[in-house]
file final35.txt (compact mmCIF, C-alpha atoms)
# COMPACT_ATOMS: atom_id res chain seq x y z
CA MET E 1 41.51 29.20 -20.36
CA LEU E 2 44.42 28.22 -22.56
CA HIS E 3 46.36 27.08 -19.51
CA GLU E 4 43.36 25.02 -18.40
CA GLN E 5 43.28 23.36 -21.83
CA CYS E 6 47.02 22.65 -21.62
CA ARG E 7 46.69 21.24 -18.11
CA ARG E 8 44.11 18.74 -19.30
CA LEU E 9 45.86 17.86 -22.54
CA ARG E 10 49.08 17.18 -20.66
CA LYS E 11 47.31 14.43 -18.70
CA LEU E 12 46.28 12.47 -21.79
CA PRO E 13 47.90 9.04 -22.26
CA ASP E 14 51.00 8.95 -24.46
CA ALA E 15 49.36 6.42 -26.77
CA LEU E 16 46.76 9.06 -27.64
CA LYS E 17 49.14 12.02 -27.78
CA LYS E 18 51.06 10.56 -30.71
CA TYR E 19 48.04 11.28 -32.93
CA LEU E 20 47.62 14.90 -31.82
CA ARG E 21 48.86 18.38 -32.68
CA LEU E 22 47.58 21.55 -31.03
CA ILE E 23 47.32 24.81 -32.96
CA VAL E 24 46.09 27.88 -31.10
CA VAL E 25 45.26 31.13 -32.89
CA ASP E 26 44.84 34.25 -30.75
CA ASP E 27 42.08 36.31 -32.37
CA GLY E 28 43.79 39.61 -31.60
CA THR E 29 41.62 40.86 -28.75
CA GLY E 30 43.57 43.74 -27.23
CA ALA E 31 45.62 44.35 -30.37
CA PRO E 32 45.16 47.60 -32.34
CA LYS E 33 41.71 48.02 -33.81
CA ALA E 34 41.40 47.51 -37.54
CA ALA E 35 41.29 50.60 -39.70
CA ALA E 36 38.24 51.06 -41.89
CA ASP E 37 40.11 49.65 -44.88
CA GLY E 38 41.59 46.78 -42.87
CA ALA E 39 45.09 48.26 -42.95
CA LEU E 40 47.63 47.26 -40.32
CA LEU E 41 47.99 49.88 -37.60
CA GLU E 42 51.11 50.77 -35.66
CA GLY E 43 51.87 49.64 -32.13
CA ILE E 44 51.22 45.90 -32.12
CA SER E 45 50.53 44.73 -28.58
CA PRO E 46 52.35 41.80 -26.93
CA SER E 47 50.88 38.37 -27.50
CA THR E 48 48.37 37.13 -24.97
CA VAL E 49 49.35 33.53 -25.74
CA GLU E 50 53.05 34.02 -25.00
CA PRO E 51 52.82 32.61 -21.42
CA ALA E 52 51.94 29.21 -22.89
CA LYS E 53 55.14 29.10 -24.96
CA TYR E 54 57.04 26.82 -22.61
CA TYR E 55 54.16 24.66 -21.48
CA ASP E 56 55.05 21.07 -22.35
CA ILE E 57 51.90 19.12 -23.21
CA GLY E 58 53.71 16.12 -24.69
CA PHE E 59 52.86 16.67 -28.34
CA PRO E 60 53.47 19.43 -30.94
CA PHE E 61 51.98 22.79 -29.94
CA GLU E 62 52.06 25.92 -32.13
CA GLY E 63 50.66 29.40 -31.53
CA TYR E 64 49.74 32.17 -33.95
CA ARG E 65 48.17 35.58 -33.41
CA MET E 66 46.17 38.06 -35.42
CA LEU E 67 47.71 41.53 -35.45
CA LEU E 68 44.42 43.40 -35.58
CA ASP E 69 41.52 43.32 -33.16
CA ILE E 70 38.50 42.60 -35.37
CA ARG E 71 35.18 41.78 -33.77
CA TRP E 72 34.22 38.09 -34.14
CA ASN E 73 37.19 37.25 -36.35
CA GLN E 74 37.18 33.57 -35.45
CA ASP E 75 36.62 32.63 -39.10
CA ALA E 76 40.07 33.97 -40.00
CA CYS E 77 41.53 32.10 -37.02
CA ARG E 78 40.00 28.83 -38.21
CA ASN E 79 41.37 29.26 -41.74
CA LEU E 80 44.84 29.99 -40.39
CA ALA E 81 44.77 26.98 -38.07
CA VAL E 82 43.77 24.59 -40.85
CA LYS E 83 46.42 26.14 -43.13
CA HIS E 84 49.08 25.09 -40.63
CA ALA E 85 47.60 21.74 -39.67
CA GLN E 86 49.75 18.80 -40.68
CA THR E 87 47.07 16.19 -40.11
CA ASP E 88 44.49 14.86 -42.55
CA TRP E 89 41.69 15.55 -40.04
CA VAL E 90 41.02 18.66 -37.96
CA LEU E 91 38.98 19.30 -34.82
CA LEU E 92 37.91 22.95 -34.83
CA LEU E 93 37.07 24.28 -31.37
CA ASP E 94 36.68 27.52 -29.48
CA VAL E 95 39.04 27.76 -26.51
CA ASP E 96 36.16 27.44 -24.01
CA HIS E 97 35.25 23.94 -25.22
CA ILE E 98 37.17 20.99 -23.81
CA PRO E 99 37.41 17.70 -25.72
CA PRO E 100 37.46 14.96 -23.04
CA GLU E 101 39.78 12.01 -23.41
CA GLN E 102 37.05 9.62 -24.54
CA THR E 103 36.06 12.00 -27.34
CA LEU E 104 39.62 12.27 -28.62
CA ILE E 105 40.02 8.50 -28.50
CA SER E 106 36.88 8.03 -30.58
CA LEU E 107 38.07 10.58 -33.14
CA VAL E 108 41.42 8.88 -33.72
CA SER E 109 40.09 5.30 -33.43
CA ASP E 110 36.68 5.18 -35.14
CA GLN E 111 36.04 5.25 -38.87
CA HIS E 112 34.87 8.59 -40.27
CA ASP E 113 33.93 9.58 -43.80
CA PRO E 114 36.32 12.21 -45.24
CA ARG E 115 33.43 13.57 -47.30
CA ARG E 116 31.23 14.40 -44.31
CA ALA E 117 31.34 16.92 -41.48
CA TYR E 118 30.69 15.91 -37.87
CA ARG E 119 29.19 17.73 -34.87
CA PHE E 120 29.16 16.88 -31.18
CA ALA E 121 26.91 16.43 -28.22
CA ARG E 122 27.57 19.28 -25.80
CA TYR E 123 27.54 19.59 -22.03
CA ILE E 124 28.22 22.44 -19.62
CA LEU E 125 31.08 21.60 -17.30
CA ALA E 126 30.15 22.44 -13.73
CA GLN E 127 31.96 22.23 -10.42
CA ASN E 128 33.50 18.88 -9.44
CA GLU E 129 33.51 17.82 -13.11
CA MET E 130 29.74 17.47 -13.18
CA VAL E 131 28.27 17.86 -16.67
CA VAL E 132 24.88 19.25 -17.65
CA PRO E 133 23.38 18.50 -21.10
CA TRP E 134 23.20 21.48 -23.45
CA LYS E 135 22.22 22.13 -27.05
CA VAL E 136 24.30 20.74 -29.94
CA ALA E 137 27.43 22.78 -30.49
CA PRO E 138 27.38 25.12 -33.50
CA ASN E 139 30.58 25.88 -35.44
CA LEU E 140 32.54 23.13 -33.68
CA TRP E 141 33.50 20.58 -36.31
CA PHE E 142 35.45 17.43 -36.94
CA LEU E 143 36.19 16.97 -40.63
CA SER E 144 38.96 16.20 -43.08
CA GLN E 145 41.18 18.96 -44.39
CA ALA E 146 40.06 17.95 -47.88
CA ALA E 147 36.39 18.51 -46.98
CA PHE E 148 37.17 21.85 -45.31
CA TRP E 149 38.95 23.32 -48.31
CA SER E 150 36.65 21.70 -50.88
CA ALA E 151 33.77 23.52 -49.22
CA GLY E 152 35.78 26.73 -49.42
CA GLY E 153 36.78 27.19 -45.78
CA TYR E 154 35.46 30.27 -44.00
CA ASP E 155 34.73 33.34 -46.12
CA GLU E 156 36.54 36.25 -44.51
CA ARG E 157 34.30 38.73 -46.28
CA LEU E 158 32.10 38.04 -43.25
CA ARG E 159 34.75 38.74 -40.62
CA GLY E 160 33.53 40.96 -37.83
CA LYS E 161 29.95 39.68 -37.94
CA TYR E 162 28.44 37.38 -35.33
CA GLY E 163 26.67 34.39 -36.89
CA SER E 164 28.89 34.13 -39.96
CA ASP E 165 29.47 30.43 -39.30
CA ARG E 166 26.15 29.51 -40.90
CA ASP E 167 27.77 30.22 -44.28
CA ILE E 168 30.33 27.39 -44.07
CA ARG E 169 27.71 25.15 -42.48
CA ASP E 170 25.40 25.61 -45.45
CA ARG E 171 28.23 25.05 -47.94
CA LEU E 172 29.27 21.85 -46.17
CA ILE E 173 25.68 20.61 -46.25
CA ASP E 174 25.30 21.50 -49.93
CA LEU E 175 28.47 19.60 -50.77
CA TYR E 176 28.36 16.64 -48.38
CA GLY E 177 24.85 16.37 -46.95
CA VAL E 178 23.56 17.01 -43.45
CA MET E 179 25.95 17.08 -40.53
CA ILE E 180 26.50 13.84 -38.68
CA ASP E 181 25.90 14.22 -34.95
CA LEU E 182 28.40 12.22 -32.94
CA PRO E 183 27.54 10.96 -29.46
CA ALA E 184 31.03 12.03 -28.38
CA PRO E 185 30.75 15.02 -26.03
CA LEU E 186 32.41 18.40 -25.77
CA TYR E 187 32.43 20.27 -22.45
CA ALA E 188 31.67 24.00 -22.47
CA VAL E 189 33.38 26.03 -19.73
CA GLY E 190 31.85 29.21 -18.35
CA ARG E 191 33.48 32.23 -16.74
CA SER E 192 32.29 31.09 -13.32
CA MET E 193 34.87 28.30 -13.57
CA VAL E 194 37.59 30.03 -15.61
CA PRO E 195 37.32 33.85 -15.57
CA ASP E 196 38.52 34.35 -19.15
CA ALA E 197 36.88 31.23 -20.60
CA ASN E 198 35.03 33.16 -23.29
CA THR E 199 34.81 36.65 -24.67
CA SER E 200 33.07 39.45 -22.82
CA THR E 201 34.28 42.29 -25.06
CA TYR E 202 32.11 41.78 -28.16
CA THR E 203 28.37 42.10 -28.54
CA ARG E 204 26.32 39.26 -29.99
CA LYS E 205 23.46 39.52 -32.48
CA ASP E 206 23.91 43.26 -32.97
CA LYS E 207 21.30 44.41 -35.51
CA ILE E 208 23.63 47.05 -36.95
CA LEU E 209 27.07 45.44 -36.76
CA ASP E 210 25.83 42.01 -37.83
CA ALA E 211 23.63 43.21 -40.66
CA GLY E 212 24.39 42.25 -44.23
CA ILE E 213 25.52 38.63 -43.89
CA ALA E 214 22.86 37.31 -46.24
CA GLU E 215 23.55 40.05 -48.79
CA ILE E 216 27.31 39.36 -48.81
CA ILE E 217 26.69 35.64 -49.31
CA GLN E 218 24.16 36.24 -52.07
CA LYS E 219 26.52 38.62 -53.89
CA ARG E 220 29.25 35.98 -53.80
CA LYS E 221 26.85 33.38 -55.18
CA ASN E 222 25.75 35.73 -57.97
CA THR E 223 29.31 36.58 -59.02
CA PRO E 224 30.89 34.09 -61.46
CA ASN E 225 34.01 32.33 -60.15
CA CYS E 226 33.71 34.11 -56.82
CA ALA E 227 35.17 31.94 -54.03
CA PRO E 228 35.44 32.55 -50.29
CA LEU E 229 38.33 34.85 -49.31
CA HIS E 230 41.08 33.68 -46.95
CA PHE E 231 43.93 35.23 -44.92
CA ARG E 232 42.75 38.86 -45.04
CA THR E 233 43.98 39.68 -41.52
CA PRO E 234 47.73 40.14 -40.92
CA TRP E 235 49.13 37.53 -38.55
CA GLU E 236 52.38 36.21 -37.17
CA ARG E 237 53.75 33.10 -35.51
CA ALA E 238 53.76 33.49 -31.73
CA PHE E 239 55.70 30.32 -30.86
call {"tool": "encode", "arguments": {"input": "final35.txt", "output": "structure tokens"}}
result
Amino acid sequence: MLHEQCRRLRKLPDALKKYLRLIVVDDGTGAPKAAADGALLEGISPSTVEPAKYYDIGFPFEGYRMLLDIRWNQDACRNLAVKHAQTDWVLLLDVDHIPPEQTLISLVSDQHDPRRAYRFARYILAQNEMVVPWKVAPNLWFLSQAAFWSAGGYDERLRGKYGSDRDIRDRLIDLYGVMIDLPAPLYAVGRSMVPDANTSTYTRKDKILDAGIAEIIQKRKNTPNCAPLHFRTPWERAF
């Protein structure tokens, strides 16, 4: 799926590319499992993003990887990506969502409020580039770096739990008001088109593994001066 993203990004016009940087964070699937205390284990596996190292897309492209395989650890990946972003605005996506050219043009050309967070219309990308309308994309944001960090970023106390993204969503709404839905589309890609488009190794909405999100959030709220935690998973630069 990363190569499919690169193939499409490479085709963008040069006038658009000058506004873009790509940061990819491998979530560590296939790396050693995390110990109970989160300690780093021996025997780090080779990077799964290494094959993209020499792929020229015409604008800056950096890769990082988590060194532990933690279920649904995308929140840590997002924090790390924003940490290394050198742009005032960030577009936070999962690898199976493609931003078409017209969406990127609107993001770099239109006026957006740095004190708001934006969501997208979403379509399923089918064969022959046909698109089918789908529900609004959750946890796929366009916002300023300032807004992201002012809201606290993702709280990595919740790493490993599916559905943790509602925490940052609620904090963004509390701070800046309801999300603004953009007409600009994102295209979701399924495994029927790209075999590794999205994860098939983790369970979703597991009553046992995903329990406790509300309690963790409430404990943070009840603890004076308790802010979201960042960068709890060891990582390294891949390229």
call {"tool": "atom_distance", "arguments": {"input": "final35.txt", "atom1": "CA of Pro114 (chain E)", "atom2": "CA of Trp149 (chain E)"}}
result
11.8 Å
call {"tool": "residues_around", "arguments": {"input": "final35.txt", "residues": "Ile173 (chain E)", "least_positions_apart": "4", "cutoff": "10 Å", "atoms": "all atoms listed in the file", "output": "PyMOL selection string"}}
result
chain E and resi 116-117+151+168-169+177-179
call {"tool": "atom_distance", "arguments": {"input": "final35.txt", "atom1": "CA of Asp113 (chain E)", "atom2": "CA of Ile217 (chain E)"}}
result
27.6 Å
call {"tool": "atom_distance", "arguments": {"input": "final35.txt", "atom1": "CA of Leu80 (chain E)", "atom2": "CA of Ala137 (chain E)"}}
result
21.3 Å
call {"tool": "residues_around", "arguments": {"input": "final35.txt", "residues": "Ala121 (chain E)", "least_positions_apart": "4", "cutoff": "6 Å", "atoms": "only C-alpha atoms", "output": "PyMOL selection string"}}
result
chain E and resi 136+183+185
call {"tool": "residues_around", "arguments": {"input": "final35.txt", "residues": "Pro138 (chain E)", "least_positions_apart": "6", "cutoff": "10 Å", "atoms": "only C-alpha atoms", "output": "list in words"}}
result
Leu93, Arg119, Phe120, Arg122, Gly163, Asp165, Arg166 and Arg169 of chain E
call {"tool": "residues_around", "arguments": {"input": "final35.txt", "residues": "Ser150 (chain E)", "least_positions_apart": "5", "cutoff": "10 Å", "atoms": "only C-alpha atoms", "output": "MDAnalysis selection string"}}
result
chainID E and resid 115 144:145 171:172 175
call {"tool": "residues_around", "arguments": {"input": "final35.txt", "residues": "Leu91 (chain E)", "least_positions_apart": "4", "cutoff": "8 Å", "atoms": "only C-alpha atoms", "output": "ChimeraX atom specification"}}
result
/E:140-143
call {"tool": "closest_residue", "arguments": {"input": "final35.txt", "among": "E:Val24, E:Ala81, E:Met66, E:Ile57", "to": "Glu236 (chain E)", "atoms": "only C-alpha atoms"}}
result
E:Met66
call {"tool": "closest_residue", "arguments": {"input": "final35.txt", "among": "E:Ala31, E:Asn225, E:Lys18, E:Arg220", "to": "Asp155 (chain E)", "atoms": "all atoms listed in the file"}}
result
E:Arg220
call {"tool": "closest_atom_pairs", "arguments": {"input": "final35.txt", "of": "region 60-140 of chain E", "to": "region 197-205 of chain E", "cutoff": "8 Å", "atoms": "all atoms listed in the file", "output": "tab-separated table"}}
result
residue	atom	partner	partner_atom	distance
E:Arg71	CA	E:Tyr202	CA	6.4
E:Trp72	CA	E:Tyr202	CA	7.3
E:Val95	CA	E:Ala197	CA	7.2
E:Asp96	CA	E:Ala197	CA	5.1
call {"tool": "closest_residue", "arguments": {"input": "final35.txt", "among": "E:Gln5, E:Asp26, E:Ala184, E:Trp235", "to": "Asp110 (chain E)", "atoms": "all atoms listed in the file"}}
result
E:Ala184
call {"tool": "residues_near_point", "arguments": {"input": "final35.txt", "point": "(29.4, 26.5, -22.9)", "cutoff": "7 Å", "atoms": "all atoms listed in the file", "output": "NGL selection string"}}
result
:E and (96-97 or 124 or 187-190)
call {"tool": "closest_atom_pairs", "arguments": {"input": "final35.txt", "of": "region 139-178 of chain E", "to": "region 210-213 of chain E", "cutoff": "8 Å", "atoms": "all atoms listed in the file", "output": "Markdown table"}}
result
| residue | atom | partner | partner_atom | distance |
| --- | --- | --- | --- | --- |
| E:Leu158 | CA | E:Ile213 | CA | 6.6 |
| E:Gly160 | CA | E:Asp210 | CA | 7.8 |
| E:Lys161 | CA | E:Asp210 | CA | 4.7 |
| E:Tyr162 | CA | E:Asp210 | CA | 5.9 |
| E:Gly163 | CA | E:Asp210 | CA | 7.7 |
| E:Ser164 | CA | E:Ile213 | CA | 6.9 |
call {"tool": "closest_residue", "arguments": {"input": "final35.txt", "among": "E:Ala238, E:Ile70, E:Leu186, E:Ala147", "to": "Trp89 (chain E)", "atoms": "only C-alpha atoms"}}
result
E:Ala147
call {"tool": "residues_near_point", "arguments": {"input": "final35.txt", "point": "(34.0, 34.1, -55.7)", "cutoff": "12 Å", "atoms": "only C-alpha atoms", "output": "MDAnalysis selection string"}}
result
chainID E and resid 152 155:157 216:230
call {"tool": "closest_residue", "arguments": {"input": "final35.txt", "among": "E:Thr29, E:Asn79, E:Gln127, E:Asn73", "to": "Leu92 (chain E)", "atoms": "only C-alpha atoms"}}
result
E:Asn79
call {"tool": "closest_residue", "arguments": {"input": "final35.txt", "among": "E:Val25, E:Leu182, E:Leu67, E:Leu16", "to": "Thr233 (chain E)", "atoms": "all atoms listed in the file"}}
result
E:Leu67
call {"tool": "build_atoms", "arguments": {"input": "final35.txt", "residues": "region 105-118 of chain E", "atoms": "N, CA and C atoms", "output": "short mmCIF file (atom, residue, chain, number, x, y, z; two decimals), in the coordinates of the input"}}
result
data_model
loop_
_atom_site.label_atom_id
_atom_site.label_comp_id
_atom_site.auth_asym_id
_atom_site.auth_seq_id
_atom_site.Cartn_x
_atom_site.Cartn_y
_atom_site.Cartn_z
N ILE E 105 39.77 9.90 -28.15
CA ILE E 105 40.02 8.50 -28.50
C ILE E 105 39.10 8.06 -29.62
N SER E 106 37.83 8.43 -29.54
CA SER E 106 36.88 8.03 -30.58
C SER E 106 37.22 8.68 -31.91
N LEU E 107 37.74 9.90 -31.89
CA LEU E 107 38.07 10.58 -33.14
C LEU E 107 39.27 9.96 -33.84
N VAL E 108 40.23 9.47 -33.08
CA VAL E 108 41.42 8.88 -33.72
C VAL E 108 41.24 7.38 -33.95
N SER E 109 40.25 6.76 -33.34
CA SER E 109 40.09 5.30 -33.43
C SER E 109 38.96 4.87 -34.35
N ASP E 110 37.84 5.60 -34.36
CA ASP E 110 36.68 5.18 -35.14
C ASP E 110 36.83 5.57 -36.61
N GLN E 111 36.04 4.94 -37.45
CA GLN E 111 36.04 5.25 -38.87
C GLN E 111 35.14 6.46 -39.13
N HIS E 112 35.64 7.42 -39.89
CA HIS E 112 34.87 8.59 -40.27
C HIS E 112 35.02 8.83 -41.76
N ASP E 113 33.97 9.36 -42.36
CA ASP E 113 33.93 9.58 -43.80
C ASP E 113 34.59 10.92 -44.11
N PRO E 114 35.65 10.94 -44.93
CA PRO E 114 36.32 12.21 -45.24
C PRO E 114 35.48 13.16 -46.08
N ARG E 115 34.32 12.70 -46.51
CA ARG E 115 33.43 13.57 -47.30
C ARG E 115 32.19 13.99 -46.50
N ARG E 116 32.31 13.94 -45.19
CA ARG E 116 31.23 14.40 -44.31
C ARG E 116 31.82 15.31 -43.24
N ALA E 117 30.95 16.08 -42.61
CA ALA E 117 31.34 16.92 -41.48
C ALA E 117 30.58 16.44 -40.25
N TYR E 118 31.23 16.47 -39.10
CA TYR E 118 30.69 15.91 -37.87
C TYR E 118 30.53 16.99 -36.80
#
